[in-house]
Every structure is written in structure tokens, then in C-alpha cells.
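Chemist: The structure under discussion is supplied below as C-alpha cells; questions concerning it will follow.
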Amino acid sequence: MEELCRVHDPSYVEEVIHNHSSGEWSGKRPDLAELAALFAGGTLHALELLLKDECKTAIHFPGAKHHAQYDYSSGFCVFADFALAAEIATKDHGKRVAILDIDAHHGDGTENLTAANPNVLTFSIHQYGIFPGTGFDNQPESNVYNFPLYPTHPNKQLGMGDSALFHGALVFMQKLAEFNPDILFIACGADGHLEDPLSNLEYSVQGYRRIAQLIRTKYPELPILLGGAGGYLPDTRTPEVWSEFALALATLKANQSD
């Protein structure tokens, strides 16, 4: 409760944890309330491993619930675990945290809950116009950056596919170098995959893997916390995207250590 209240309204946390209610489900669901708390706890455990330097890549696929807001649930997200982890890393441990969100949907909750923290940078690559309908503007003074993609653009190379994702990642890398973080969080939403029904971004598994390789090659020693965020092909592409991305981050680091 104490940890969750660092980024959420205490009355909202109370409503979920003790009253077992949320706008993301019907009626009283103690099982889902417990899962929501466990998801946040998993991200904090991953953060702890990074802060103790027990690993360089900490993976928690149920993490990166990036739509949860200060006092309400949104978009299947109940608690803002990345915002909470960033709060702890910056305020308790003096770290600078960069957050890259490549989910098909704008990471509005993470952005809103960290924008006032000068030691956090957020960068979201997402499809323009779909839920939650935000993420059009940058706020450089708050280290908030958005890279909306437009699949209906006449030049589709600018709005969909691996080339669009890679273009956004290159822009992020420029911001990352300027910000010079101590830890990087990545919300690797798999819903940008070309077979996923919730977007039109048409990324491939290879495209996702290329982003992971780009980041880890440039920053072989940077601690990275990986969360799964969204993905709506739970038996096929979603686990494939997540696992390939994670392997690219961790295997390259292991090979370089060897």
C-alpha cells in the first residue's frame, strides 16, 4: 500500500486492494486485485536486481502497465508500475531513468505520472489516433517526447512497418545520449506486430529484435528493465515478440561479457 501510494491516490489504492474494485472489471474481484498488485511488485523486484547490480537485463513481462492514472484504471492497466519504479529509482537511489515505450498505444499514464520528475525521460512510439487518443506533442522542458506514427500517411514508409519503428528508435537514441540515464526501462508492447488486431503498424518480429540489438550494442553496460505492456495474440506472436526482444537484449550483453 505504501509503495503504490507513491504514485497513486491512496483512496484509489484502497478501492482496488481492499474493496477489490476497478473500472477494468465488473463487481468485486479479489483475484484480479491481487494480480494487479503482483504485477507492480514484479517490476519492483526487477528494479531491485538492477539496483543491486545482480544483472544488467531484468525481465518482467507482466510489467509496463502504462495507461494506469493517478486515481483510476485505464486500458487494462491498474497500477502504474513503471512510474512507481522510476519514482523509487530517482528519489530513493538518485538515478536518472529513461523510459522507451514501443507499445502500439501511447504510454499516457507513465508520461503523466513522471512528467514532473526532472530525472525521468519518457519517449513513446505509437500509432496516431488509437486509444488513448493522446501522445501528439513533445514537452522538452519535462523530458517528454512522443513519436506518433501515421499508417494512413501517403508515404507508408513514414507511418508503418519496421522502418518507421527503427526511425523512431534512432530519434530516441539521440535523446537518450543527451539525457545520459543510469537505467533504461522498455515497454515492449507486442501489439504493433503486423498480425495483431489492435493496430496497423505492421512490425515484424525481426523489427522488434533489431531495436533491442540497436540499444544493447550502443549501451552494453546500461541496466535495462523490460516490461511486456500490451499484446493481443497471447498464444502466438505476443510471446514470440517478447521472448525474441528479451533474448536480443540479454544474449548480446552475455556475449560481450564473454
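All residue names refer to the C-alpha cells as shown: chains lettered A, B, ... in order, residues numbered from 1 in each chain, ligands numbered from 1 in order.
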With a distance cut-off of 9 Å and only C-alpha atoms, select the neighbouring residues of His93 (chain A), excluding the residue or stretch itself and same-chain residues fewer than 4 positions from it, and output the selection as an NGL selection string.

Modeler: :A and (51 or 88-89)

Chemist: Where does DSSP see helix (DSSP H, G or I) in region 24-258 of chain A, if you list the residues as a PyMOL selection string?

Modeler: chain A and resi 30-51+81-91+108-114+140-142+156-158+161-179+190-192+205-218+237-257

Chemist: Report, in Å with one decimal, the straight-line distance from CA of Gly161 (chain A) to CA of Ala177 (chain A).

Modeler: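 For CA of Gly161 (chain A) relative to CA of Ala177 (chain A), the distance reads 25.0 Å.
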
Chemist: Where does DSSP see strand (DSSP E) in region 34-232 of chain A, if you list the residues as an MDAnalysis selection string?

Modeler: chainID A and resid 57:60 97:101 120:127 144:149 183:187 224:227

Chemist: Selection from above, C-alpha atoms, as a PDB file, in the first residue's frame, can you write it?

Modeler:
ATOM      1  CA  THR A  57      18.798  -7.068 -18.013  1.00  0.00           C
ATOM      2  CA  ALA A  58      15.789  -7.634 -15.743  1.00  0.00           C
ATOM      3  CA  ILE A  59      12.702  -9.033 -17.493  1.00  0.00           C
ATOM      4  CA  HIS A  60       9.142  -8.865 -16.180  1.00  0.00           C
ATOM      5  CA  VAL A  97      15.698   6.875 -15.639  1.00  0.00           C
ATOM      6  CA  ALA A  98      14.832   6.843 -19.333  1.00  0.00           C
ATOM      7  CA  ILE A  99      11.649   5.061 -20.445  1.00  0.00           C
ATOM      8  CA  LEU A 100      11.160   3.860 -24.016  1.00  0.00           C
ATOM      9  CA  ASP A 101       7.626   2.734 -24.854  1.00  0.00           C
ATOM     10  CA  VAL A 120      12.884  10.829 -15.814  1.00  0.00           C
ATOM     11  CA  LEU A 121      12.685  10.909 -19.609  1.00  0.00           C
ATOM     12  CA  THR A 122       9.774   9.307 -21.468  1.00  0.00           C
ATOM     13  CA  PHE A 123       9.701   8.509 -25.177  1.00  0.00           C
ATOM     14  CA  SER A 124       6.664   6.813 -26.723  1.00  0.00           C
ATOM     15  CA  ILE A 125       6.488   5.427 -30.273  1.00  0.00           C
ATOM     16  CA  HIS A 126       2.843   4.645 -31.010  1.00  0.00           C
ATOM     17  CA  GLN A 127       0.067   4.712 -33.595  1.00  0.00           C
ATOM     18  CA  VAL A 144       8.582  14.149 -22.504  1.00  0.00           C
ATOM     19  CA  TYR A 145       8.821  13.002 -26.110  1.00  0.00           C
ATOM     20  CA  ASN A 146       6.305  11.371 -28.419  1.00  0.00           C
ATOM     21  CA  PHE A 147       6.764   9.843 -31.854  1.00  0.00           C
ATOM     22  CA  PRO A 148       3.303   9.120 -33.274  1.00  0.00           C
ATOM     23  CA  LEU A 149       3.156   7.005 -36.435  1.00  0.00           C
ATOM     24  CA  ILE A 183      18.769   2.892 -16.001  1.00  0.00           C
ATOM     25  CA  LEU A 184      16.572   2.279 -19.029  1.00  0.00           C
ATOM     26  CA  PHE A 185      13.017   0.926 -18.836  1.00  0.00           C
ATOM     27  CA  ILE A 186      11.493  -0.516 -22.015  1.00  0.00           C
ATOM     28  CA  ALA A 187       7.774  -1.169 -22.510  1.00  0.00           C
ATOM     29  CA  ILE A 224      17.653  -2.353 -18.580  1.00  0.00           C
ATOM     30  CA  LEU A 225      14.257  -3.252 -17.123  1.00  0.00           C
ATOM     31  CA  LEU A 226      11.980  -4.858 -19.714  1.00  0.00           C
ATOM     32  CA  GLY A 227       8.188  -4.967 -19.378  1.00  0.00           C
TER      33      GLY A 227
END

Chemist: Identify, on the basis of only C-alpha atoms, every residue whose closest approach to region 21-27 of chain A does not exceed 6 Å; exclude the query and any residue fewer than 2 positions from it along the same chain; express the result as an mmCIF file with C-alpha atoms, in the first residue's frame.

Modeler:
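Written output follows (out-v3.cif):
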data_model
loop_
_atom_site.group_PDB
_atom_site.id
_atom_site.type_symbol
_atom_site.label_atom_id
_atom_site.label_comp_id
_atom_site.auth_asym_id
_atom_site.auth_seq_id
_atom_site.Cartn_x
_atom_site.Cartn_y
_atom_site.Cartn_z
ATOM 1 C CA GLU A 15 -10.562 0.774 -3.521
ATOM 2 C CA VAL A 16 -8.560 -1.759 -5.535
ATOM 3 C CA ASN A 19 -12.537 -3.249 -1.917
ATOM 4 C CA SER A 73 -7.521 2.369 -14.009
ATOM 5 C CA PHE A 76 -6.342 -2.892 -18.821
#

Chemist: Have a look at CA of Ala212 (chain A) and CA of Pro181 (chain A) and let me know their distance in Å, one decimal.

Modeler: 16.9 Å

Chemist: Using only C-alpha atoms, which residue out of A:Asp103, A:Glu240, A:Asp92, A:Glu141 lies closest to Ser199 (chain A)?

Modeler: A:Asp103

Chemist: Determine the nearest neighbour of Tyr208 (chain A) from the options A:Phe61, A:Phe82, A:Phe245, A:Phe179, counting only C-alpha atoms.

Modeler: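 Distance minimum relative to Tyr208 (chain A) lands on A:Phe245.
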
Chemist: Please report the interatomic distance between CA of Pro30 (chain A) and CA of Thr110 (chain A) in Å with one decimal.

Modeler: 24.8 Å
